[in-house]
Amino acid sequence: MGADRLLSRLEGVKRTGPGRWIARCPAHADKRASLSIRELEDGRILVHDFAQCSVHEVLAAAGLDMEDLFPEREIQHGRPERRPFPAADILRCLAFEALVVASAGAAMVTGEPLSGVDRERLMLAVARIRGGLDAGGLAHG
Ligand SMILES: [Zn+2]
């Protein structure tokens, strides 16, 4: 069982290490892999979408429930993961956001005004990158 149940329902799954994958998020039109999946040693499965869909939205789109992220046996003492997702996976998911920020920066250097849409997309990129800090357990120092 483990993460297979979830992974079999996702597209663009790529294994990035032992118990770690990235995939396209089923809850939004994901052109690249925004979803990071991790299977912990105790069998719990962590899911984080860098485009900010909630775990519930991702599971609903994949036709699964929260219970599918937990192993059959009850885990009472699962310690919270201080750094749930490895930095390399977070960077893979956020690489595109850096390009968004870079192109906005390049436009500003040429004195080109940012359109409302561009500005919105830039703020979204910033929010996603900040979300990466959370996923890496780095947001609170
Ligand atoms: Zn999503």
# chains A, B, ... in the order shown; residues from 1 in each chain; ligands from 1
>>> residues_around(residues="segment 122-132 of chain A", least_positions_apart="4", cutoff="10 Å", atoms="only C-alpha atoms", output="VMD selection string")
chain A and resid 34 48 to 52 85 87 89 to 91 93 to 105 114 116 to 118 136 to 139
>>> residues_near_ligand(ligand="ligand 1", cutoff="10 Å", atoms="only C-alpha atoms and all ligand atoms", output="ChimeraX atom specification")
/A:24-30,33-35,48-55,57-58,61
>>> closest_residue(among="A:Arg92, A:Arg32, A:Arg121, A:Arg38", to="Arg20 of chain A", atoms="only C-alpha atoms")
A:Arg38
>>> atom_distance(atom1="atom CA of Ala23 of chain A", atom2="atom CA of Ile37 of chain A")
7.8 Å
>>> select_by_dssp(residues="chain A", states="helix (DSSP H, G or I)", output="PyMOL selection string")
chain A and resi 4-7+55-62+66-69+87-109+116-135
>>> residues_around(residues="Asp65 of chain A", least_positions_apart="5", cutoff="9 Å", atoms="only C-alpha atoms", output="number ranges by chain")
A: 56, 59-60
>>> closest_residue(among="A:Arg44, A:Thr16, A:Lys31, A:Ser36", to="Ala3 of chain A", atoms="only C-alpha atoms")
A:Arg44
>>> closest_residue(among="A:Ile45, A:Met108, A:Ala62, A:Ala135", to="Glu11 of chain A", atoms="only C-alpha atoms")
A:Ala62
>>> select_by_dssp(residues="chain A", states="strand (DSSP E or B)", output="ChimeraX atom specification")
/A:11-17,20-24,35-39,45-49
>>> residues_around(residues="segment 39-42 of chain A", least_positions_apart="4", cutoff="9 Å", atoms="only C-alpha atoms", output="PyMOL selection string")
chain A and resi 2-3+18-21+46-47+69+71+75+78
>>> write_last_selection(atoms="N, CA and C atoms", output="PDB file, in the first residue's frame")
ATOM      1  N   GLY A   2       0.951   1.997   1.053  1.00  0.00           N
ATOM      2  CA  GLY A   2       1.806   3.182   1.070  1.00  0.00           C
ATOM      3  C   GLY A   2       1.358   4.218   0.063  1.00  0.00           C
ATOM      4  N   ALA A   3       2.309   4.876  -0.542  1.00  0.00           N
ATOM      5  CA  ALA A   3       1.991   5.980  -1.438  1.00  0.00           C
ATOM      6  C   ALA A   3       1.483   5.512  -2.800  1.00  0.00           C
ATOM      7  N   PRO A  18      14.315   8.157  -2.172  1.00  0.00           N
ATOM      8  CA  PRO A  18      13.576   7.123  -1.449  1.00  0.00           C
ATOM      9  C   PRO A  18      12.353   7.704  -0.746  1.00  0.00           C
ATOM     10  N   GLY A  19      11.170   7.208  -1.079  1.00  0.00           N
ATOM     11  CA  GLY A  19       9.953   7.687  -0.439  1.00  0.00           C
ATOM     12  C   GLY A  19       9.574   9.104  -0.817  1.00  0.00           C
ATOM     13  N   ARG A  20      10.096   9.600  -1.951  1.00  0.00           N
ATOM     14  CA  ARG A  20       9.816  10.987  -2.363  1.00  0.00           C
ATOM     15  C   ARG A  20       9.472  11.050  -3.844  1.00  0.00           C
ATOM     16  N   TRP A  21       8.446  11.810  -4.148  1.00  0.00           N
ATOM     17  CA  TRP A  21       8.032  11.966  -5.536  1.00  0.00           C
ATOM     18  C   TRP A  21       7.542  13.401  -5.767  1.00  0.00           C
ATOM     19  N   LEU A  46       2.782  12.450   3.242  1.00  0.00           N
ATOM     20  CA  LEU A  46       2.613  13.903   3.266  1.00  0.00           C
ATOM     21  C   LEU A  46       2.460  14.408   1.836  1.00  0.00           C
ATOM     22  N   VAL A  47       1.544  15.352   1.659  1.00  0.00           N
ATOM     23  CA  VAL A  47       1.291  15.908   0.330  1.00  0.00           C
ATOM     24  C   VAL A  47       1.332  17.422   0.433  1.00  0.00           C
ATOM     25  N   LEU A  69      -4.060   8.618   3.457  1.00  0.00           N
ATOM     26  CA  LEU A  69      -2.697   9.098   3.696  1.00  0.00           C
ATOM     27  C   LEU A  69      -2.091   8.474   4.947  1.00  0.00           C
ATOM     28  N   PRO A  71      -1.445   4.981   7.437  1.00  0.00           N
ATOM     29  CA  PRO A  71      -1.401   3.522   7.404  1.00  0.00           C
ATOM     30  C   PRO A  71      -2.570   2.927   8.176  1.00  0.00           C
ATOM     31  N   ILE A  75      -1.713   5.503  14.450  1.00  0.00           N
ATOM     32  CA  ILE A  75      -0.441   6.030  14.942  1.00  0.00           C
ATOM     33  C   ILE A  75      -0.733   7.149  15.930  1.00  0.00           C
ATOM     34  N   GLY A  78       3.024   9.653  16.270  1.00  0.00           N
ATOM     35  CA  GLY A  78       3.761  10.170  15.127  1.00  0.00           C
ATOM     36  C   GLY A  78       4.258  11.576  15.430  1.00  0.00           C
TER      37      GLY A  78
END
>>> decode(residues="segment 54-125 of chain A", atoms="C-alpha atoms", output="PDB file, in the first residue's frame")
ATOM      1  CA  SER A  54      -5.181  22.161  -0.013  1.00  0.00           C
ATOM      2  CA  VAL A  55      -4.491  18.516   0.797  1.00  0.00           C
ATOM      3  CA  HIS A  56      -8.266  17.995   0.797  1.00  0.00           C
ATOM      4  CA  GLU A  57      -8.612  19.431  -2.713  1.00  0.00           C
ATOM      5  CA  VAL A  58      -5.775  17.274  -4.004  1.00  0.00           C
ATOM      6  CA  LEU A  59      -7.226  14.111  -2.447  1.00  0.00           C
ATOM      7  CA  ALA A  60     -10.758  14.855  -3.631  1.00  0.00           C
ATOM      8  CA  ALA A  61      -9.477  15.335  -7.184  1.00  0.00           C
ATOM      9  CA  ALA A  62      -7.620  12.011  -6.934  1.00  0.00           C
ATOM     10  CA  GLY A  63     -10.723  10.293  -5.517  1.00  0.00           C
ATOM     11  CA  LEU A  64      -9.115   9.589  -2.147  1.00  0.00           C
ATOM     12  CA  ASP A  65      -9.787  10.477   1.504  1.00  0.00           C
ATOM     13  CA  MET A  66      -7.567  11.686   4.319  1.00  0.00           C
ATOM     14  CA  GLU A  67      -7.517   8.114   5.648  1.00  0.00           C
ATOM     15  CA  ASP A  68      -5.684   7.084   2.520  1.00  0.00           C
ATOM     16  CA  LEU A  69      -2.697   9.098   3.696  1.00  0.00           C
ATOM     17  CA  PHE A  70      -2.413   7.131   6.900  1.00  0.00           C
ATOM     18  CA  PRO A  71      -1.401   3.522   7.404  1.00  0.00           C
ATOM     19  CA  GLU A  72      -3.974   0.971   8.521  1.00  0.00           C
ATOM     20  CA  ARG A  73      -2.748   0.826  12.080  1.00  0.00           C
ATOM     21  CA  GLU A  74      -3.424   3.806  14.286  1.00  0.00           C
ATOM     22  CA  ILE A  75      -0.441   6.030  14.942  1.00  0.00           C
ATOM     23  CA  GLN A  76      -0.697   7.864  18.211  1.00  0.00           C
ATOM     24  CA  HIS A  77       2.829   9.072  18.613  1.00  0.00           C
ATOM     25  CA  GLY A  78       3.761  10.170  15.127  1.00  0.00           C
ATOM     26  CA  ARG A  79       6.090  13.052  15.718  1.00  0.00           C
ATOM     27  CA  PRO A  80       5.448  16.145  13.614  1.00  0.00           C
ATOM     28  CA  GLU A  81       8.090  16.420  10.938  1.00  0.00           C
ATOM     29  CA  ARG A  82      10.208  19.478  11.456  1.00  0.00           C
ATOM     30  CA  ARG A  83      11.293  19.566   7.822  1.00  0.00           C
ATOM     31  CA  PRO A  84       8.610  17.642   6.021  1.00  0.00           C
ATOM     32  CA  PHE A  85       9.860  18.135   2.476  1.00  0.00           C
ATOM     33  CA  PRO A  86      13.465  18.061   1.302  1.00  0.00           C
ATOM     34  CA  ALA A  87      14.851  21.294  -0.089  1.00  0.00           C
ATOM     35  CA  ALA A  88      15.672  19.707  -3.460  1.00  0.00           C
ATOM     36  CA  ASP A  89      12.034  18.760  -4.070  1.00  0.00           C
ATOM     37  CA  ILE A  90      10.832  22.182  -3.007  1.00  0.00           C
ATOM     38  CA  LEU A  91      13.279  23.840  -5.385  1.00  0.00           C
ATOM     39  CA  ARG A  92      12.171  21.567  -8.253  1.00  0.00           C
ATOM     40  CA  CYS A  93       8.575  22.593  -7.636  1.00  0.00           C
ATOM     41  CA  LEU A  94       9.419  26.269  -7.318  1.00  0.00           C
ATOM     42  CA  ALA A  95      11.900  26.586 -10.182  1.00  0.00           C
ATOM     43  CA  PHE A  96       9.222  28.020 -12.462  1.00  0.00           C
ATOM     44  CA  GLU A  97       8.235  30.654  -9.892  1.00  0.00           C
ATOM     45  CA  ALA A  98      11.797  31.965  -9.909  1.00  0.00           C
ATOM     46  CA  LEU A  99      11.463  32.479 -13.676  1.00  0.00           C
ATOM     47  CA  VAL A 100       8.264  34.467 -13.107  1.00  0.00           C
ATOM     48  CA  VAL A 101      10.051  36.716 -10.640  1.00  0.00           C
ATOM     49  CA  ALA A 102      13.060  37.047 -12.958  1.00  0.00           C
ATOM     50  CA  SER A 103      10.956  38.069 -15.956  1.00  0.00           C
ATOM     51  CA  ALA A 104       9.088  40.647 -13.878  1.00  0.00           C
ATOM     52  CA  GLY A 105      12.429  41.978 -12.690  1.00  0.00           C
ATOM     53  CA  ALA A 106      13.744  42.124 -16.249  1.00  0.00           C
ATOM     54  CA  ALA A 107      10.663  44.060 -17.348  1.00  0.00           C
ATOM     55  CA  MET A 108      11.142  46.571 -14.531  1.00  0.00           C
ATOM     56  CA  VAL A 109      14.776  47.143 -15.471  1.00  0.00           C
ATOM     57  CA  THR A 110      13.712  48.195 -18.963  1.00  0.00           C
ATOM     58  CA  GLY A 111      11.200  50.582 -17.414  1.00  0.00           C
ATOM     59  CA  GLU A 112       8.309  48.568 -18.823  1.00  0.00           C
ATOM     60  CA  PRO A 113       5.299  48.937 -16.513  1.00  0.00           C
ATOM     61  CA  LEU A 114       3.895  45.700 -15.103  1.00  0.00           C
ATOM     62  CA  SER A 115       0.290  45.083 -16.063  1.00  0.00           C
ATOM     63  CA  GLY A 116      -2.220  44.253 -13.348  1.00  0.00           C
ATOM     64  CA  VAL A 117      -2.165  40.631 -14.416  1.00  0.00           C
ATOM     65  CA  ASP A 118       1.634  40.494 -14.324  1.00  0.00           C
ATOM     66  CA  ARG A 119       1.652  42.063 -10.895  1.00  0.00           C
ATOM     67  CA  GLU A 120      -0.871  39.518  -9.669  1.00  0.00           C
ATOM     68  CA  ARG A 121       1.171  36.642 -11.094  1.00  0.00           C
ATOM     69  CA  LEU A 122       4.271  38.070  -9.422  1.00  0.00           C
ATOM     70  CA  MET A 123       2.541  38.185  -6.041  1.00  0.00           C
ATOM     71  CA  LEU A 124       1.352  34.600  -6.588  1.00  0.00           C
ATOM     72  CA  ALA A 125       4.944  33.537  -7.256  1.00  0.00           C
TER      73      ALA A 125
END
